[in-house]
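For reference, input_11.cif is printed below; it contains mmCIF, C-alpha atoms.
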```cif
data_entry
loop_
_atom_site.label_atom_id
_atom_site.label_comp_id
_atom_site.auth_asym_id
_atom_site.auth_seq_id
_atom_site.Cartn_x
_atom_site.Cartn_y
_atom_site.Cartn_z
CA MET K 54 56.73 77.43 107.81
CA VAL K 55 57.17 80.23 105.26
CA SER K 56 56.31 83.68 106.56
CA GLU K 57 54.12 86.07 104.63
CA ALA K 58 57.14 88.26 103.92
CA GLU K 59 59.06 85.33 102.45
CA LYS K 60 56.18 84.54 100.15
CA ILE K 61 56.66 87.87 98.38
CA GLN K 62 58.14 87.24 94.97
CA LYS K 63 61.06 89.59 94.46
CA LYS K 64 61.34 91.70 91.32
CA THR K 65 64.15 90.59 89.03
CA SER K 66 64.62 93.96 87.39
CA CYS K 67 64.53 97.44 88.86
CA GLU K 68 63.00 100.32 86.95
CA HIS K 69 64.68 102.86 89.28
CA GLN K 70 68.11 101.29 89.44
CA ALA K 71 70.14 104.48 89.01
CA GLU K 72 68.26 106.15 91.87
CA CYS K 73 68.37 103.02 93.99
CA MET K 74 72.13 102.65 93.54
CA LYS K 75 72.61 106.26 94.63
CA MET K 76 70.65 105.45 97.77
CA VAL K 77 72.71 102.29 98.28
CA GLN K 78 75.84 104.43 98.22
CA MET K 79 74.38 106.86 100.77
CA ILE K 80 73.39 103.96 103.04
CA VAL K 81 76.69 102.06 102.95
CA ASP K 82 78.51 105.35 103.56
CA GLY K 83 76.34 106.12 106.59
CA GLN K 84 75.01 109.27 104.95
CA ALA K 85 71.34 108.33 104.64
CA SER K 86 68.66 109.32 107.16
CA ASP K 87 66.74 106.68 109.16
CA GLU K 88 63.73 107.41 107.01
CA GLN K 89 65.70 106.79 103.80
CA ILE K 90 67.17 103.60 105.22
CA ASN K 91 63.77 102.24 106.23
CA ALA K 92 62.26 103.08 102.85
CA PHE K 93 65.14 101.40 101.04
CA LYS K 94 64.93 98.28 103.20
CA LEU K 95 61.25 97.92 102.35
CA ASN K 96 62.13 98.25 98.68
CA MET K 97 65.07 95.86 98.99
CA ASN K 98 62.82 93.16 100.43
CA GLN K 99 60.95 93.17 97.15
CA CYS K 100 63.69 93.85 94.62
CA LEU K 101 66.49 91.40 93.87
CA PRO K 102 68.77 93.80 91.90
CA CYS K 103 68.58 96.31 94.77
CA GLU K 104 69.39 93.63 97.33
CA GLN K 105 72.32 92.34 95.27
CA GLY K 106 73.57 95.87 94.62
CA TYR K 107 73.44 96.66 98.33
CA GLU K 108 75.24 93.45 99.32
CA LEU K 109 77.99 94.02 96.74
CA GLU K 110 78.60 97.65 97.70
CA LYS K 111 78.64 96.75 101.41
CA CYS K 112 81.07 93.90 100.73
CA ILE K 113 83.44 96.09 98.70
CA LYS K 114 83.44 98.79 101.36
CA GLU K 115 84.16 96.26 104.13
CA THR K 116 86.89 94.74 101.99
CA MET K 117 88.55 98.13 101.55
CA GLN K 118 88.37 98.76 105.29
CA LEU K 119 89.63 95.38 106.41
CA ARG K 120 91.95 93.98 103.79
CA LEU K 121 94.04 96.90 102.60
CA GLU K 122 97.37 96.72 104.35
CA LYS K 123 97.78 99.45 106.95
CA LYS K 124 101.38 100.57 107.07
CA CYS K 125 102.97 101.80 110.26
CA VAL K 126 104.67 105.13 109.95
CA PRO K 127 108.47 104.70 110.27
CA SER K 128 109.69 105.87 113.66
CA SER K 129 112.55 107.62 111.87
CA LEU K 130 109.99 109.86 110.15
CA ILE K 131 108.39 110.81 113.48
CA ASP K 132 111.83 111.55 114.94
CA CYS K 133 112.77 113.63 111.92
CA ILE K 134 109.56 115.69 112.08
CA LYS K 135 109.94 116.29 115.82
CA GLN K 136 113.54 117.30 115.38
CA LYS K 137 112.69 119.78 112.62
CA ILE K 138 109.77 121.21 114.58
CA SER K 139 111.88 121.73 117.68
CA SER K 140 114.49 123.60 115.67
CA LEU K 141 111.96 126.03 114.17
CA MET L 20 88.55 128.59 99.13
CA ASP L 21 92.20 128.27 98.11
CA GLU L 22 94.96 127.03 100.35
CA GLN L 23 96.26 130.51 101.10
CA GLU L 24 92.87 131.62 102.42
CA GLU L 25 92.46 128.35 104.26
CA LEU L 26 95.76 128.83 106.07
CA GLN L 27 95.19 132.41 107.22
CA ALA L 28 95.91 132.90 110.90
CA THR L 29 92.88 133.00 113.15
CA GLN L 30 94.62 132.18 116.46
CA THR L 31 97.70 133.38 118.25
CA TYR L 32 99.33 130.51 120.07
CA SER L 33 102.37 130.90 122.28
CA ASP L 34 105.36 128.72 121.39
CA LEU L 35 104.46 126.35 124.19
CA GLU L 36 100.84 126.11 122.99
CA LYS L 37 101.97 125.51 119.41
CA HIS L 38 103.96 122.46 120.45
CA ARG L 39 101.19 121.23 122.71
CA VAL L 40 98.54 121.56 119.94
CA PHE L 41 100.90 119.92 117.46
CA ASP L 42 101.55 116.93 119.72
CA LYS L 43 97.99 116.55 120.97
CA GLU L 44 95.95 117.32 117.86
CA PHE L 45 98.19 116.54 114.89
CA MET L 46 100.53 113.72 115.80
CA PRO L 47 97.78 111.17 116.61
CA HIS L 48 96.83 111.20 112.90
CA ILE L 49 100.28 110.47 111.55
CA ASP L 50 99.55 106.80 110.75
CA SER L 51 96.47 107.74 108.71
CA MET L 52 98.42 110.52 107.03
CA TYR L 53 101.25 108.17 106.14
CA ASN L 54 98.88 105.58 104.69
CA PHE L 55 97.06 108.28 102.69
CA ALA L 56 100.39 109.58 101.38
CA PHE L 57 101.51 106.08 100.49
CA ARG L 58 98.27 105.36 98.63
CA LEU L 59 98.65 108.60 96.68
CA THR L 60 102.30 108.18 95.78
CA ASN L 61 102.71 104.38 95.76
CA ASP L 62 106.20 104.87 97.11
CA GLU L 63 107.43 104.75 100.71
CA ASP L 64 110.15 107.39 100.28
CA ASP L 65 107.74 109.74 98.54
CA ALA L 66 105.18 109.13 101.29
CA ASN L 67 107.82 110.01 103.89
CA ASP L 68 108.61 113.27 102.12
CA LEU L 69 104.96 114.16 101.65
CA VAL L 70 104.05 113.53 105.29
CA GLN L 71 107.07 115.46 106.47
CA ASP L 72 106.23 118.42 104.20
CA THR L 73 102.64 118.32 105.44
CA TYR L 74 103.52 118.30 109.14
CA LEU L 75 106.06 121.07 108.75
CA LYS L 76 103.49 123.13 106.86
CA ALA L 77 100.88 122.36 109.53
CA PHE L 78 103.23 123.64 112.21
CA ARG L 79 104.12 126.73 110.22
CA PHE L 80 100.45 127.59 109.75
CA ILE L 81 99.26 126.32 113.14
CA ASN L 82 97.71 129.71 113.93
CA SER L 83 95.08 129.01 111.28
CA PHE L 84 93.96 125.87 113.13
CA SER L 85 91.31 126.20 115.84
CA GLN L 86 91.60 123.72 118.68
CA GLY L 87 88.65 121.37 118.93
CA THR L 88 87.90 121.52 115.21
CA ASN L 89 88.56 118.62 112.86
CA ALA L 90 92.35 118.30 112.90
CA LYS L 91 92.38 115.15 110.79
CA ALA L 92 90.38 116.74 107.96
CA TRP L 93 92.55 119.89 108.19
CA LEU L 94 95.73 117.83 107.89
CA PHE L 95 94.36 115.71 105.06
CA ARG L 96 93.49 118.86 103.16
CA ILE L 97 97.03 120.19 103.54
CA LEU L 98 98.48 116.85 102.46
CA LYS L 99 96.20 116.65 99.43
CA ASN L 100 97.13 120.23 98.40
CA SER L 101 100.82 119.54 98.93
CA PHE L 102 100.53 116.47 96.77
CA ILE L 103 98.77 118.34 93.97
CA ASN L 104 100.67 121.63 94.08
CA ASP L 105 104.18 120.60 94.95
CA PHE L 106 104.73 116.94 95.06
CA ARG L 107 103.11 115.71 91.90
CA LYS L 108 105.31 118.06 89.89
CA LYS L 109 108.57 116.83 91.33
CA SER L 110 107.58 113.21 91.81
CA LYS L 111 110.31 110.94 90.53
CA GLU L 112 107.75 108.72 88.89
CA PRO L 113 104.83 110.46 87.19
CA ALA L 114 101.49 108.85 87.89
CA LYS L 115 100.68 106.09 85.49
CA VAL L 116 97.32 106.97 84.09
CA ASP L 117 94.96 104.96 81.97
CA TYR L 118 93.78 107.85 79.84
CA GLN L 119 90.87 105.87 78.51
CA ASP L 120 89.62 105.43 82.07
CA VAL L 121 90.10 109.11 82.81
CA GLU L 122 88.38 110.26 79.65
CA THR L 123 85.46 107.93 80.11
CA THR L 124 85.10 108.73 83.75
CA TYR L 125 85.55 112.50 83.69
CA ASN L 126 83.24 112.87 80.74
CA SER L 127 80.53 111.36 82.84
CA GLU L 128 81.47 112.54 86.32
CA GLU L 129 78.87 115.26 86.49
CA ASP L 130 76.30 112.95 84.99
CA ALA L 131 76.40 110.04 87.38
CA GLU L 132 72.78 109.23 86.67
CA THR L 133 73.54 106.69 84.02
CA ASN L 134 72.53 103.22 84.88
CA GLN L 135 75.82 101.37 84.82
CA THR L 136 76.19 98.04 86.49
CA VAL L 137 79.15 95.72 86.75
CA ASP L 138 78.49 92.05 87.01
CA LEU L 139 80.51 91.00 90.00
CA ARG L 140 79.73 88.47 92.71
CA VAL L 141 80.08 89.19 96.39
CA GLU L 142 81.86 85.82 96.68
CA SER L 143 84.46 86.85 94.10
CA VAL L 144 85.27 90.00 96.07
CA GLN L 145 85.49 88.05 99.31
CA ASP L 146 87.97 85.65 97.71
CA LEU L 147 90.39 88.38 96.65
CA ILE L 148 93.42 88.93 98.88
CA GLY L 149 94.70 92.26 100.15
CA ASP L 150 97.33 92.67 97.44
CA GLU L 151 94.75 92.24 94.70
CA ILE L 152 92.47 94.78 96.36
CA ALA L 153 95.41 97.19 96.67
CA ASN L 154 96.40 96.68 93.03
CA ALA L 155 92.85 97.35 91.88
CA LEU L 156 92.76 100.54 93.96
CA ASN L 157 96.19 101.65 92.76
CA ALA L 158 95.12 101.17 89.16
CA LEU L 159 92.53 103.94 89.52
CA PRO L 160 93.35 107.51 88.48
CA VAL L 161 94.45 109.42 91.57
CA ASP L 162 91.32 111.56 91.97
CA PHE L 163 89.15 108.47 92.07
CA ARG L 164 91.55 106.59 94.29
CA THR L 165 91.48 109.55 96.66
CA VAL L 166 87.71 109.61 97.21
CA ILE L 167 87.64 105.88 97.90
CA ILE L 168 90.47 106.16 100.42
CA LEU L 169 88.88 109.13 102.16
CA CYS L 170 85.45 107.53 102.32
CA ASP L 171 86.04 103.81 102.72
CA VAL L 172 89.40 103.62 104.42
CA GLU L 173 89.42 106.80 106.50
CA GLY L 174 85.69 107.08 107.09
CA PHE L 175 85.28 110.77 106.29
CA THR L 176 81.74 112.06 105.71
CA TYR L 177 80.76 113.56 102.37
CA GLU L 178 80.84 116.99 103.98
CA GLU L 179 84.38 116.47 105.27
CA MET L 180 85.48 115.14 101.90
CA ALA L 181 84.01 118.18 100.17
CA LYS L 182 86.12 120.41 102.41
CA ILE L 183 89.28 118.33 102.02
CA LEU L 184 88.96 118.19 98.25
CA ASP L 185 87.44 121.65 97.83
CA ILE L 186 84.57 120.41 95.69
CA PRO L 187 80.78 120.49 96.19
CA ILE L 188 79.11 117.59 98.01
CA GLY L 189 77.26 116.65 94.82
CA THR L 190 80.60 116.20 93.09
CA VAL L 191 81.83 114.07 96.00
CA ARG L 192 78.83 111.78 95.51
CA SER L 193 79.18 111.51 91.76
CA ARG L 194 82.97 111.09 91.87
CA LEU L 195 82.59 108.38 94.47
CA HIS L 196 80.00 106.65 92.35
CA ARG L 197 82.29 106.74 89.32
CA ALA L 198 85.28 105.65 91.36
CA ARG L 199 83.39 102.63 92.63
CA MET L 200 82.25 101.72 89.14
CA LEU L 201 85.87 101.79 87.99
CA LEU L 202 87.00 99.85 91.05
CA LYS L 203 84.42 97.16 90.38
CA GLU L 204 85.71 96.87 86.81
CA LYS L 205 89.24 96.42 88.14
CA LEU L 206 88.13 93.91 90.77
CA LYS L 207 86.20 92.04 88.14
CA SER L 208 89.31 91.81 85.95
CA TYR L 209 91.33 90.48 88.87
CA ALA L 210 88.66 87.97 89.82
CA LYS L 211 88.40 86.84 86.21
CA SER L 212 92.16 86.50 85.81
CA LEU L 213 92.18 84.30 88.89
CA GLY L 214 89.61 82.04 87.38
CA TYR L 215 86.57 83.15 89.35
CA ASP L 216 83.17 83.20 87.73
CA VAL L 217 82.49 86.92 87.86
CA ASN L 218 79.07 87.07 86.28
CA ALA L 219 76.23 87.79 88.67
CA ASP L 220 73.77 85.06 89.39
CA SER L 221 70.80 84.79 87.12
CA MET L 222 68.13 86.96 88.61
CA ALA L 223 65.32 84.96 87.16
CA GLU L 224 65.60 82.15 89.66
#
```

Encoded form using structure tokens:
Amino acid sequence: MVSEAEKIQKKTSCEHQAECMKMVQMIVDGQASDEQINAFKLNMNQCLPCEQGYELEKCIKETMQLRLEKKCVPSSLIDCIKQKISSL
Amino acid sequence: MDEQEELQATQTYSDLEKHRVFDKEFMPHIDSMYNFAFRLTNDEDDANDLVQDTYLKAFRFINSFSQGTNAKAWLFRILKNSFINDFRKKSKEPAKVDYQDVETTYNSEEDAETNQTVDLRVESVQDLIGDEIANALNALPVDFRTVIILCDVEGFTYEEMAKILDIPIGTVRSRLHRARMLLKEKLKSYAKSLGYDVNADSMAE
């Protein structure tokens, strides 16, 4: 059974896209208030470009966090720093 | 605030305290510092030198660090300044810059209102491997690469980034926006070169 919410036809173009994308950035970066998040989610439920923009930005951010290789600092560098510090 | 003002002494630690603060507050961030240095320089030896310079400078100016404040942001700021002021000048390989990217991006950095979109599928991004992501990031001019690293990889807030980079929060936001637009262009090129369909789904369905 299709819920009332699902029956809502989403917009296929966004007249406030620049503003919405700024809000998307704030949300994915954890910089938006709860009020801003709730307002955007309501909007996103009705606007396909906003939903797609949000999903893409979230995906890119997660990709940067998870897939960039994290290098381990060489132990020789730590030893060298400690040695120089102790001789100061 | 310039680096000299930033590093003015506000504490007076004993020698013992200096070493204790250094070990307890600074050393836990050395992996993040090394990765940041490597992403800035794209060279392991250069990253070693930059991290070493930064930690020695941090120790020398330890009296300007207050315990309990944000050591990681303080160290990142020193590293970033060392990179700009000292390291970039003597780097054995000058940064390779796509001047068209820089011109286009800087000309519009303070006017991030423009409605730019890059057609790129979530699926295409998910299919890219780590090396392709790293290459796309490395292809960005260093100032744009920096904000993405600080925000997405290191998880700094806009306020912390503003302090590290010594720019207003509004500029952090707009630079980040521009950096991500450029990154999406690079990711799109990679996805396309690998044969992925990069155009977004039709929205009319």

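For K:Leu101, the set of protein, DNA and RNA residues having any atom at most 10 Å away, when counting all atoms listed in the file and skipping those fewer than 4 positions along the same chain, is Gln62, Lys63, Lys64, Thr65, Ser66, Cys67, Asn96, Met97, Gln105, Gly106 and Tyr107 of chain K; Met222 and Ala223 of chain L.
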
Output of the PyMOL selection byres ((chain L) within 8 of (chain K)), listed as a ChimeraX atom specification | /L:49-50,53-54,67,71,74-75,78,132-135,139-141,144-145,148-150,152-153,170-172,176-177,196,222-223

Atom CA of L:Ser208 and atom CA of L:Ile103, how far apart in Å?
->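 Interatomic distance here is 29.3 Å.
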
Separation of atom CA of L:Thr73 from atom CA of L:Lys91 in Å | 12.0 Å

Selection near L:His48, 10 Å with only C-alpha atoms, sequence-local residues under 6 positions removed, as JSON, numbers by chain = {"L": [90, 91, 92, 94, 95]}

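Each of L:Thr31, L:Ser212, L:Glu178, L:Asp185 was checked against L:Ile97 using all atoms listed in the file; the smallest atom-to-atom distance is that of L:Asp185.
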
Which distance in Å separates atom CA of L:Pro47 and atom CA of L:Thr60, to one decimal?
->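 Separation between atom CA of L:Pro47 and atom CA of L:Thr60: 21.5 Å.
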
Padded axis-aligned box of stretch 90-103 of chain L (4 Å per side), centre and edge lengths, Å, one decimal, as AutoDock Vina command-line options:
```
--center_x 95.6 --center_y 117.7 --center_z 103.4 --size_x 18.4 --size_y 13.1 --size_z 26.9
```

Missing atoms of stretch 67-78 of chain K rebuilt to all heavy atoms, written as a CSV table (one decimal), keeping the file's coordinate frame:
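result.csv, freshly written:
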```
chain,number,residue,atom,x,y,z
K,67,CYS,N,64.9,96.2,88.1
K,67,CYS,CA,64.5,97.4,88.9
K,67,CYS,C,64.4,98.6,87.9
K,67,CYS,O,65.4,98.9,87.2
K,67,CYS,CB,65.6,97.8,89.9
K,67,CYS,SG,65.2,99.2,90.9
K,68,GLU,N,63.2,99.2,87.9
K,68,GLU,CA,63.0,100.3,87.0
K,68,GLU,C,63.6,101.6,87.5
K,68,GLU,O,63.7,102.6,86.7
K,68,GLU,CB,61.5,100.5,86.7
K,68,GLU,CG,60.6,100.8,87.9
K,68,GLU,CD,60.1,99.6,88.6
K,68,GLU,OE1,60.8,98.5,88.7
K,68,GLU,OE2,59.0,99.7,89.1
K,69,HIS,N,64.1,101.6,88.7
K,69,HIS,CA,64.7,102.9,89.3
K,69,HIS,C,66.1,102.6,89.7
K,69,HIS,O,66.6,103.1,90.7
K,69,HIS,CB,63.9,103.3,90.5
K,69,HIS,CG,62.4,103.4,90.3
K,69,HIS,ND1,61.9,104.3,89.5
K,69,HIS,CD2,61.4,102.7,90.9
K,69,HIS,CE1,60.5,104.1,89.5
K,69,HIS,NE2,60.2,103.1,90.3
K,70,GLN,N,66.8,101.8,88.9
K,70,GLN,CA,68.1,101.3,89.4
K,70,GLN,C,69.1,102.4,89.7
K,70,GLN,O,69.8,102.4,90.7
K,70,GLN,CB,68.7,100.3,88.5
K,70,GLN,CG,69.8,99.5,89.2
K,70,GLN,CD,70.2,98.2,88.5
K,70,GLN,OE1,69.9,98.0,87.3
K,70,GLN,NE2,71.0,97.4,89.2
K,71,ALA,N,69.2,103.4,88.8
K,71,ALA,CA,70.1,104.5,89.0
K,71,ALA,C,69.9,105.2,90.3
K,71,ALA,O,70.8,105.4,91.1
K,71,ALA,CB,70.1,105.5,87.9
K,72,GLU,N,68.6,105.5,90.6
K,72,GLU,CA,68.3,106.2,91.9
K,72,GLU,C,68.5,105.2,93.1
K,72,GLU,O,69.0,105.7,94.1
K,72,GLU,CB,66.8,106.5,91.9
K,72,GLU,CG,66.4,107.7,90.9
K,72,GLU,CD,67.2,109.0,91.3
K,72,GLU,OE1,67.3,109.3,92.5
K,72,GLU,OE2,67.8,109.6,90.4
K,73,CYS,N,68.2,104.0,92.9
K,73,CYS,CA,68.4,103.0,94.0
K,73,CYS,C,69.8,102.9,94.3
K,73,CYS,O,70.2,102.8,95.5
K,73,CYS,CB,67.7,101.7,93.6
K,73,CYS,SG,66.0,101.7,93.6
K,74,MET,N,70.7,102.8,93.3
K,74,MET,CA,72.1,102.6,93.5
K,74,MET,C,72.7,103.9,94.2
K,74,MET,O,73.7,103.8,95.0
K,74,MET,CB,72.9,102.3,92.2
K,74,MET,CG,72.6,100.9,91.7
K,74,MET,SD,73.0,99.6,92.9
K,74,MET,CE,71.4,99.1,93.4
K,75,LYS,N,72.2,105.1,93.9
K,75,LYS,CA,72.6,106.3,94.6
K,75,LYS,C,72.3,106.1,96.1
K,75,LYS,O,73.1,106.5,97.0
K,75,LYS,CB,71.9,107.5,94.0
K,75,LYS,CG,72.6,108.0,92.8
K,75,LYS,CD,72.2,109.5,92.6
K,75,LYS,CE,71.5,109.6,91.3
K,75,LYS,NZ,70.9,111.0,91.1
K,76,MET,N,71.1,105.6,96.4
K,76,MET,CA,70.6,105.4,97.8
K,76,MET,C,71.5,104.4,98.5
K,76,MET,O,71.9,104.6,99.6
K,76,MET,CB,69.2,105.1,97.8
K,76,MET,CG,68.6,105.0,99.2
K,76,MET,SD,68.9,106.5,100.2
K,76,MET,CE,68.1,107.8,99.2
K,77,VAL,N,71.8,103.3,97.7
K,77,VAL,CA,72.7,102.3,98.3
K,77,VAL,C,74.0,102.9,98.7
K,77,VAL,O,74.5,102.7,99.8
K,77,VAL,CB,73.0,101.2,97.2
K,77,VAL,CG1,74.2,100.3,97.6
K,77,VAL,CG2,71.8,100.3,97.1
K,78,GLN,N,74.6,103.8,97.9
K,78,GLN,CA,75.8,104.4,98.2
K,78,GLN,C,75.7,105.3,99.5
K,78,GLN,O,76.5,105.2,100.4
K,78,GLN,CB,76.3,105.3,97.1
K,78,GLN,CG,77.6,106.1,97.4
K,78,GLN,CD,78.1,106.8,96.1
K,78,GLN,OE1,78.7,106.2,95.2
K,78,GLN,NE2,78.0,108.1,96.1
```
